[in-house]
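A.B. asks: Before I ask anything, here is the structure I am working with.
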Amino acid sequence: MPATLERKFKNPCWYKDGKLICVPYYQILGVSKCGTTDLYHRLSQHPQVFKAANKGPHWWDECAYGKPCAPVPPDGDFASYTRLFDDAARSIETQDPNGITGEASSNTYTAAMGVYLRGASWGRNTNVTMPQLLWEASPWLRSIIIFRDPVERYTSAFYYYRHNKGNNQELHATAVRDIESWHRCVASHGTPWCVRHYNPQQLVKGMYAEFMDDWLKHFPREQLLILRYEDYTRAQVNHLDALFKFLGLNDLQELPEGKRSSITTMPVRNKNSDKYDKMLPETRKLMQEFYAPFNAKLASILKDDR
C-alpha cells in the first residue's frame with residue numbers, strides 16, 4: 001500500500017506509473033449461504049458502484065502467501081488482487097470520482113480467527129486475526145455482514161455442496177455426525193481451537209457469535225452494517241436504502257426509475273431452497289437446540305434479540 005491515497009476519489013485509490021489502482025471501499029464479509037450473492041448483485045446495479053472482475057476472489061481468506069491462487073490470477077499476490085479492480089478504477093477515474101468498488105468473499109467473516117492468515121497458519125497460533133489484518137491494511141473499510149437462521153444456513157450449505165442433490169434423511173445423518181464431531185473436538189481441544197479449525201466446517205460457520213467479538217474489537221461499530229437475511233427478504237427496499245446510506249450512495253428514490261426498477265425487480269440470485277427436501281422435524285429440533293446458545297450469545301453481543 002502507498003503512504004497516501006488520492007484524495008480526489010472517495011474510493012481508496014492511488015497512481016502507480018501513471019495508472020490508477022484501487023482497492024475495495026466496501027466488502028460483504030459473509031456469511032456464506034446467507035444471501036450475499038443476491039445482495040452483491042443488487043448493490044452492483046447502483047450507478048455509483050463499479051464491479052470487480054470477480055465477485056468473491058477470497059484473496060484475504062483463502063489465497064496462501066507466495067502461491068498461485070485460481071480466483072486471483074496470475075500469481076495470487078497483491079498486484080494480482082488489485083488488477084481485479086482495474087475496470088472499476090477506470091470508471092472511477094473517468095466517470096465518477098465519488099464512485100466506489102468492492103467485493104463479496106463470503107467466507108471472510110468466518111475467517112476471523114485467522115485460519116490462513118496469508119500463510120499456512122493451521123498448525124500455529126500467530127495471535128493475529130483476519131479483522132486485525134484487514135484493519136491494518138484498510139482502516140477505511142466499510143463491511144457488510146448478513147446473518148441467517150443458522151439452521152437454514154446449514155441446510156442450504158448441505159444441498160449446495162451436493163449440487164442440490166441429497167435428501168432429508170442424509171441431511172439428518174450429517175447433522176447428527178457433525179454435532180457429535182463438534183462435541184468430541186471441544187472435549188479434546190476446547191471451543192477456540194475447534195472454531196479456528198472449522199471442525200466441522202459448515203456447523204461452525206453458523207456460530208456467528210464466535211467471530212463477532214474480534215470484528216468489533218478492531219473495527220468501529222459504525223463501519224459494520226449487520227443485516228438479518230429474513231428481514232432483508234421481507235423488507236428489501238428498506239434494507240437496500242440502509243445499505244446505500246451506509247456506503248454514502250444515493251438512495252433508491254434518487255435514482256432514475258429504470259435503474260431503481262432494475263435493482264428491486266431483478267430475480268433473486270443463487271436461491272435454491274425450492275429444490276430441497278422438507279427438513280424432518282427431528283432435524284430442526286436437534287439443530288435449533290444446538291445453535292440456541294450461540295444465537296443467545298450473538299444477541300447479547302449485538303444487544304439485539306432478533
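Going through the C-alpha cells in order, the chains are called A, B, and so on, while each chain numbers its residues from 1 and the ligands are numbered from 1 in the order shown.
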Give the strand (DSSP E) residues of range 205-255 of chain A, as DSSP finds them on the backbone, and put them as a list of chain:residue names.
C.D. replies: A:Leu224, A:Leu225, A:Ile226, A:Leu227, A:Arg228
A.B. asks: Name all residues at most 12 Å from range 3-17 of chain A (count only C-alpha atoms; drop same-chain ones fewer than 6 positions away) and give them as a PyMOL selection string.
C.D. replies: chain A and resi 23-26+48-50+79+82+85-86+88-102+137-142+247-249
A.B. asks: Keeping C-alpha atoms for every residue in the selection just given, could you write it to a file as a CSV table (one decimal), in the first residue's frame?
C.D. replies:
```
chain,number,residue,atom,x,y,z
A,23,VAL,CA,-8.9,-1.5,-3.7
A,24,PRO,CA,-12.3,-2.1,-2.0
A,25,TYR,CA,-14.1,0.7,-0.3
A,26,TYR,CA,-16.5,-2.0,1.0
A,48,GLN,CA,-22.2,4.8,-8.2
A,49,VAL,CA,-20.9,1.2,-7.7
A,50,PHE,CA,-18.4,-0.4,-10.1
A,79,ALA,CA,-0.7,-6.9,-7.6
A,82,THR,CA,-5.6,-5.1,-7.3
A,85,PHE,CA,-10.5,-3.7,-9.8
A,86,ASP,CA,-8.9,-2.3,-12.9
A,88,ALA,CA,-13.7,-0.2,-11.7
A,89,ALA,CA,-10.6,2.1,-11.3
A,90,ARG,CA,-11.0,3.3,-14.9
A,91,SER,CA,-14.7,4.0,-14.3
A,92,ILE,CA,-14.0,5.9,-11.1
A,93,GLU,CA,-11.3,7.9,-12.8
A,94,THR,CA,-13.3,8.8,-15.9
A,95,GLN,CA,-16.9,8.7,-14.8
A,96,ASP,CA,-17.4,9.4,-11.1
A,97,PRO,CA,-14.8,10.3,-8.5
A,98,ASN,CA,-17.4,9.5,-5.9
A,99,GLY,CA,-17.9,6.0,-7.2
A,100,ILE,CA,-16.8,3.0,-5.2
A,101,THR,CA,-15.9,-0.6,-5.7
A,102,GLY,CA,-15.7,-3.7,-3.5
A,137,ALA,CA,-4.4,-2.9,5.5
A,138,SER,CA,-7.7,-0.9,5.1
A,139,PRO,CA,-8.9,1.0,8.1
A,140,TRP,CA,-11.4,2.9,5.9
A,141,LEU,CA,-13.2,-0.4,5.0
A,142,ARG,CA,-17.0,-0.4,5.3
A,247,LEU,CA,-22.0,3.5,1.8
A,248,GLY,CA,-22.8,7.1,1.2
A,249,LEU,CA,-24.7,6.5,-2.0
```
A.B. asks: Compile the contact shell of range 215-224 of chain A as JSON, numbers by chain: residues with an atom at most 10 Å away, counting only C-alpha atoms, same-chain residues fewer than 4 positions apart removed.
C.D. replies: {"A": [26, 27, 28, 29, 109, 112, 113, 129, 130, 131, 132, 133, 134, 135, 136, 139, 140, 141, 142, 143, 144, 145, 211, 246, 247, 301, 302]}
A.B. asks: Would you mind exporting the chosen residues as an mmCIF file, in the first residue's frame, restricted to N, CA and C atoms?
C.D. replies:
```cif
data_model
loop_
_atom_site.group_PDB
_atom_site.id
_atom_site.type_symbol
_atom_site.label_atom_id
_atom_site.label_comp_id
_atom_site.auth_asym_id
_atom_site.auth_seq_id
_atom_site.Cartn_x
_atom_site.Cartn_y
_atom_site.Cartn_z
ATOM 1 N N TYR A 26 -15.635 -1.168 0.153
ATOM 2 C CA TYR A 26 -16.529 -1.991 0.967
ATOM 3 C C TYR A 26 -16.249 -3.465 0.699
ATOM 4 N N GLN A 27 -16.604 -4.285 1.663
ATOM 5 C CA GLN A 27 -16.620 -5.736 1.475
ATOM 6 C C GLN A 27 -17.886 -6.304 2.106
ATOM 7 N N ILE A 28 -18.493 -7.250 1.410
ATOM 8 C CA ILE A 28 -19.535 -8.076 2.028
ATOM 9 C C ILE A 28 -18.794 -9.276 2.591
ATOM 10 N N LEU A 29 -18.636 -9.293 3.903
ATOM 11 C CA LEU A 29 -17.766 -10.274 4.560
ATOM 12 C C LEU A 29 -18.386 -11.660 4.644
ATOM 13 N N TYR A 109 -15.842 -13.276 6.894
ATOM 14 C CA TYR A 109 -16.314 -13.083 8.273
ATOM 15 C C TYR A 109 -15.914 -14.260 9.154
ATOM 16 N N ALA A 112 -12.376 -15.003 10.743
ATOM 17 C CA ALA A 112 -11.933 -14.027 11.742
ATOM 18 C C ALA A 112 -10.835 -14.568 12.644
ATOM 19 N N MET A 113 -10.824 -15.876 12.849
ATOM 20 C CA MET A 113 -9.823 -16.448 13.749
ATOM 21 C C MET A 113 -8.455 -16.566 13.091
ATOM 22 N N THR A 129 -5.442 -12.001 13.835
ATOM 23 C CA THR A 129 -6.704 -12.450 13.260
ATOM 24 C C THR A 129 -7.023 -11.708 11.976
ATOM 25 N N MET A 130 -7.994 -12.216 11.239
ATOM 26 C CA MET A 130 -8.387 -11.575 9.987
ATOM 27 C C MET A 130 -8.865 -10.130 10.188
ATOM 28 N N PRO A 131 -9.712 -9.829 11.171
ATOM 29 C CA PRO A 131 -10.103 -8.428 11.372
ATOM 30 C C PRO A 131 -8.903 -7.515 11.653
ATOM 31 N N GLN A 132 -7.936 -8.010 12.414
ATOM 32 C CA GLN A 132 -6.747 -7.211 12.704
ATOM 33 C C GLN A 132 -5.963 -6.948 11.424
ATOM 34 N N LEU A 133 -5.803 -7.971 10.606
ATOM 35 C CA LEU A 133 -5.076 -7.843 9.345
ATOM 36 C C LEU A 133 -5.772 -6.860 8.409
ATOM 37 N N LEU A 134 -7.104 -6.998 8.279
ATOM 38 C CA LEU A 134 -7.850 -6.090 7.399
ATOM 39 C C LEU A 134 -7.822 -4.655 7.922
ATOM 40 N N TRP A 135 -7.862 -4.484 9.231
ATOM 41 C CA TRP A 135 -7.809 -3.134 9.796
ATOM 42 C C TRP A 135 -6.459 -2.480 9.500
ATOM 43 N N GLU A 136 -5.382 -3.240 9.627
ATOM 44 C CA GLU A 136 -4.058 -2.694 9.340
ATOM 45 C C GLU A 136 -3.938 -2.309 7.864
ATOM 46 N N PRO A 139 -8.069 0.522 6.967
ATOM 47 C CA PRO A 139 -8.858 1.030 8.096
ATOM 48 C C PRO A 139 -10.109 1.803 7.680
ATOM 49 N N TRP A 140 -10.189 2.182 6.397
ATOM 50 C CA TRP A 140 -11.381 2.876 5.897
ATOM 51 C C TRP A 140 -12.522 1.912 5.593
ATOM 52 N N LEU A 141 -12.259 0.611 5.566
ATOM 53 C CA LEU A 141 -13.179 -0.381 5.009
ATOM 54 C C LEU A 141 -14.549 -0.327 5.674
ATOM 55 N N ARG A 142 -15.583 -0.335 4.838
ATOM 56 C CA ARG A 142 -16.962 -0.440 5.317
ATOM 57 C C ARG A 142 -17.442 -1.839 4.974
ATOM 58 N N SER A 143 -17.821 -2.580 5.995
ATOM 59 C CA SER A 143 -18.101 -4.005 5.834
ATOM 60 C C SER A 143 -19.559 -4.320 6.109
ATOM 61 N N ILE A 144 -20.101 -5.205 5.275
ATOM 62 C CA ILE A 144 -21.488 -5.641 5.409
ATOM 63 C C ILE A 144 -21.482 -7.106 5.801
ATOM 64 N N ILE A 145 -22.269 -7.433 6.810
ATOM 65 C CA ILE A 145 -22.410 -8.815 7.276
ATOM 66 C C ILE A 145 -23.889 -9.146 7.285
ATOM 67 N N PHE A 211 -17.254 -15.322 16.163
ATOM 68 C CA PHE A 211 -16.397 -14.474 15.344
ATOM 69 C C PHE A 211 -16.631 -12.977 15.585
ATOM 70 N N PHE A 246 -25.381 3.619 4.299
ATOM 71 C CA PHE A 246 -24.159 3.172 4.962
ATOM 72 C C PHE A 246 -22.932 3.431 4.085
ATOM 73 N N LEU A 247 -23.099 3.276 2.767
ATOM 74 C CA LEU A 247 -21.996 3.453 1.825
ATOM 75 C C LEU A 247 -21.932 4.867 1.257
ATOM 76 N N ILE A 301 -24.167 -9.882 22.426
ATOM 77 C CA ILE A 301 -23.071 -9.068 21.915
ATOM 78 C C ILE A 301 -23.615 -7.837 21.165
ATOM 79 N N LEU A 302 -24.632 -8.075 20.321
ATOM 80 C CA LEU A 302 -25.155 -7.006 19.498
ATOM 81 C C LEU A 302 -26.273 -6.210 20.165
#
```
A.B. asks: Would you list, as a PyMOL selection string, the residues of range 86-182 of chain A that end up in alpha helix (DSSP H) under DSSP run on this structure's backbone?
C.D. replies: chain A and resi 86-94+130-137+150-160+168-182
A.B. asks: Please dump the current selection as a compact mmCIF listing (two decimals), in the first residue's frame; keep N, CA and C atoms.
C.D. replies:
```
# COMPACT_ATOMS: atom_id res chain seq x y z
N ASP A 86 -9.33 -3.18 -11.87
CA ASP A 86 -8.86 -2.28 -12.93
C ASP A 86 -10.01 -1.59 -13.66
N ASP A 87 -11.03 -2.35 -14.05
CA ASP A 87 -12.16 -1.74 -14.76
C ASP A 87 -12.88 -0.73 -13.87
N ALA A 88 -13.03 -1.10 -12.60
CA ALA A 88 -13.66 -0.17 -11.66
C ALA A 88 -12.83 1.09 -11.50
N ALA A 89 -11.50 0.94 -11.47
CA ALA A 89 -10.63 2.11 -11.33
C ALA A 89 -10.78 3.05 -12.51
N ARG A 90 -10.87 2.49 -13.73
CA ARG A 90 -11.05 3.33 -14.91
C ARG A 90 -12.38 4.08 -14.85
N SER A 91 -13.41 3.40 -14.38
CA SER A 91 -14.73 4.05 -14.27
C SER A 91 -14.72 5.15 -13.21
N ILE A 92 -14.06 4.89 -12.10
CA ILE A 92 -13.95 5.90 -11.05
C ILE A 92 -13.19 7.12 -11.58
N GLU A 93 -12.12 6.85 -12.33
CA GLU A 93 -11.28 7.93 -12.83
C GLU A 93 -11.97 8.75 -13.91
N THR A 94 -12.73 8.10 -14.77
CA THR A 94 -13.29 8.80 -15.94
C THR A 94 -14.77 9.16 -15.80
N MET A 130 -7.99 -12.22 11.24
CA MET A 130 -8.39 -11.57 9.99
C MET A 130 -8.86 -10.13 10.19
N PRO A 131 -9.71 -9.83 11.17
CA PRO A 131 -10.10 -8.43 11.37
C PRO A 131 -8.90 -7.51 11.65
N GLN A 132 -7.94 -8.01 12.41
CA GLN A 132 -6.75 -7.21 12.70
C GLN A 132 -5.96 -6.95 11.42
N LEU A 133 -5.80 -7.97 10.61
CA LEU A 133 -5.08 -7.84 9.35
C LEU A 133 -5.77 -6.86 8.41
N LEU A 134 -7.10 -7.00 8.28
CA LEU A 134 -7.85 -6.09 7.40
C LEU A 134 -7.82 -4.65 7.92
N TRP A 135 -7.86 -4.48 9.23
CA TRP A 135 -7.81 -3.13 9.80
C TRP A 135 -6.46 -2.48 9.50
N GLU A 136 -5.38 -3.24 9.63
CA GLU A 136 -4.06 -2.69 9.34
C GLU A 136 -3.94 -2.31 7.86
N ALA A 137 -4.55 -3.11 6.98
CA ALA A 137 -4.42 -2.88 5.53
C ALA A 137 -5.42 -1.85 5.02
N PRO A 150 -29.18 -19.99 11.53
CA PRO A 150 -28.09 -20.93 11.24
C PRO A 150 -28.57 -22.32 10.84
N VAL A 151 -29.77 -22.69 11.25
CA VAL A 151 -30.32 -23.99 10.82
C VAL A 151 -30.58 -23.96 9.32
N GLU A 152 -31.17 -22.87 8.83
CA GLU A 152 -31.42 -22.74 7.40
C GLU A 152 -30.11 -22.58 6.62
N ARG A 153 -29.16 -21.87 7.20
CA ARG A 153 -27.87 -21.71 6.53
C ARG A 153 -27.17 -23.06 6.37
N TYR A 154 -27.20 -23.86 7.41
CA TYR A 154 -26.58 -25.19 7.37
C TYR A 154 -27.24 -26.06 6.31
N THR A 155 -28.56 -25.99 6.26
CA THR A 155 -29.31 -26.78 5.27
C THR A 155 -28.96 -26.34 3.86
N SER A 156 -28.91 -25.04 3.64
CA SER A 156 -28.56 -24.51 2.32
C SER A 156 -27.18 -24.98 1.89
N ALA A 157 -26.22 -24.92 2.82
CA ALA A 157 -24.86 -25.36 2.50
C ALA A 157 -24.82 -26.85 2.20
N PHE A 158 -25.59 -27.64 2.96
CA PHE A 158 -25.63 -29.09 2.73
C PHE A 158 -26.02 -29.41 1.29
N TYR A 159 -27.08 -28.78 0.81
CA TYR A 159 -27.54 -29.07 -0.55
C TYR A 159 -26.65 -28.41 -1.60
N TYR A 160 -26.14 -27.23 -1.30
CA TYR A 160 -25.30 -26.50 -2.27
C TYR A 160 -24.06 -27.31 -2.63
N ASN A 168 -33.64 -35.44 2.94
CA ASN A 168 -33.71 -35.03 4.34
C ASN A 168 -33.14 -36.07 5.30
N GLN A 169 -33.16 -37.35 4.91
CA GLN A 169 -32.55 -38.37 5.75
C GLN A 169 -31.03 -38.19 5.80
N GLU A 170 -30.43 -37.89 4.65
CA GLU A 170 -28.99 -37.65 4.61
C GLU A 170 -28.62 -36.38 5.36
N LEU A 171 -29.48 -35.37 5.24
CA LEU A 171 -29.25 -34.14 6.00
C LEU A 171 -29.24 -34.43 7.49
N HIS A 172 -30.21 -35.20 7.95
CA HIS A 172 -30.29 -35.52 9.37
C HIS A 172 -29.05 -36.28 9.83
N ALA A 173 -28.64 -37.27 9.06
CA ALA A 173 -27.47 -38.06 9.43
C ALA A 173 -26.21 -37.19 9.48
N THR A 174 -26.11 -36.26 8.54
CA THR A 174 -24.95 -35.37 8.51
C THR A 174 -24.95 -34.44 9.71
N ALA A 175 -26.12 -33.91 10.06
CA ALA A 175 -26.22 -33.02 11.22
C ALA A 175 -25.84 -33.75 12.51
N VAL A 176 -26.35 -34.97 12.66
CA VAL A 176 -26.01 -35.76 13.85
C VAL A 176 -24.51 -35.99 13.92
N ARG A 177 -23.93 -36.37 12.78
CA ARG A 177 -22.49 -36.65 12.74
C ARG A 177 -21.67 -35.40 13.03
N ASP A 178 -22.08 -34.26 12.48
CA ASP A 178 -21.33 -33.03 12.69
C ASP A 178 -21.41 -32.56 14.14
N ILE A 179 -22.57 -32.68 14.73
CA ILE A 179 -22.72 -32.25 16.13
C ILE A 179 -21.90 -33.15 17.06
N GLU A 180 -21.91 -34.45 16.79
CA GLU A 180 -21.08 -35.36 17.57
C GLU A 180 -19.61 -35.04 17.41
N SER A 181 -19.20 -34.73 16.18
CA SER A 181 -17.80 -34.37 15.91
C SER A 181 -17.41 -33.10 16.64
N TRP A 182 -18.32 -32.13 16.67
CA TRP A 182 -18.06 -30.88 17.39
C TRP A 182 -17.84 -31.13 18.87
```
A.B. asks: Measuring between only C-alpha atoms, which one of A:Cys194, A:Phe78, A:Leu280, A:Arg83 shows the shortest distance to Leu20 in chain A?
C.D. replies: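 The closest residue to Leu20 in chain A is A:Arg83.
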A.B. asks: Return the single residue from A:Lys33, A:Ser44, A:Glu257, A:Gly166 that is closest to Lys278 in chain A, with distances computed using only C-alpha atoms.
C.D. replies: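 Result for the nearest residue to Lys278 in chain A: A:Gly166.
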A.B. asks: Do you have the CA of Leu298 in chain A-CA of Ala209 in chain A distance handy?
C.D. replies: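 These atoms are spaced 4.5 Å apart.
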A.B. asks: Neighbours of Asp231 in chain A within 12 Å (only C-alpha atoms; same-chain residues fewer than 3 positions away dropped), as a list of chain:residue names?
C.D. replies: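 With the cut-off at 12 Å, the set is A:Cys34, A:Gly35, A:Ile146, A:Phe147, A:Arg148, A:Asp149, A:Ile226, A:Leu227, A:Arg228, A:Arg234, A:Ala235, A:Gln236, A:Val237, A:Asn238, A:His239, A:Leu240, A:Arg306.
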A.B. asks: Skipping near chain neighbours, those fewer than 6 positions away, what residues fall within 9 Å of Arg42 in chain A using only C-alpha atoms, listed as a PyMOL selection string?
C.D. replies: chain A and resi 240+262-264+266
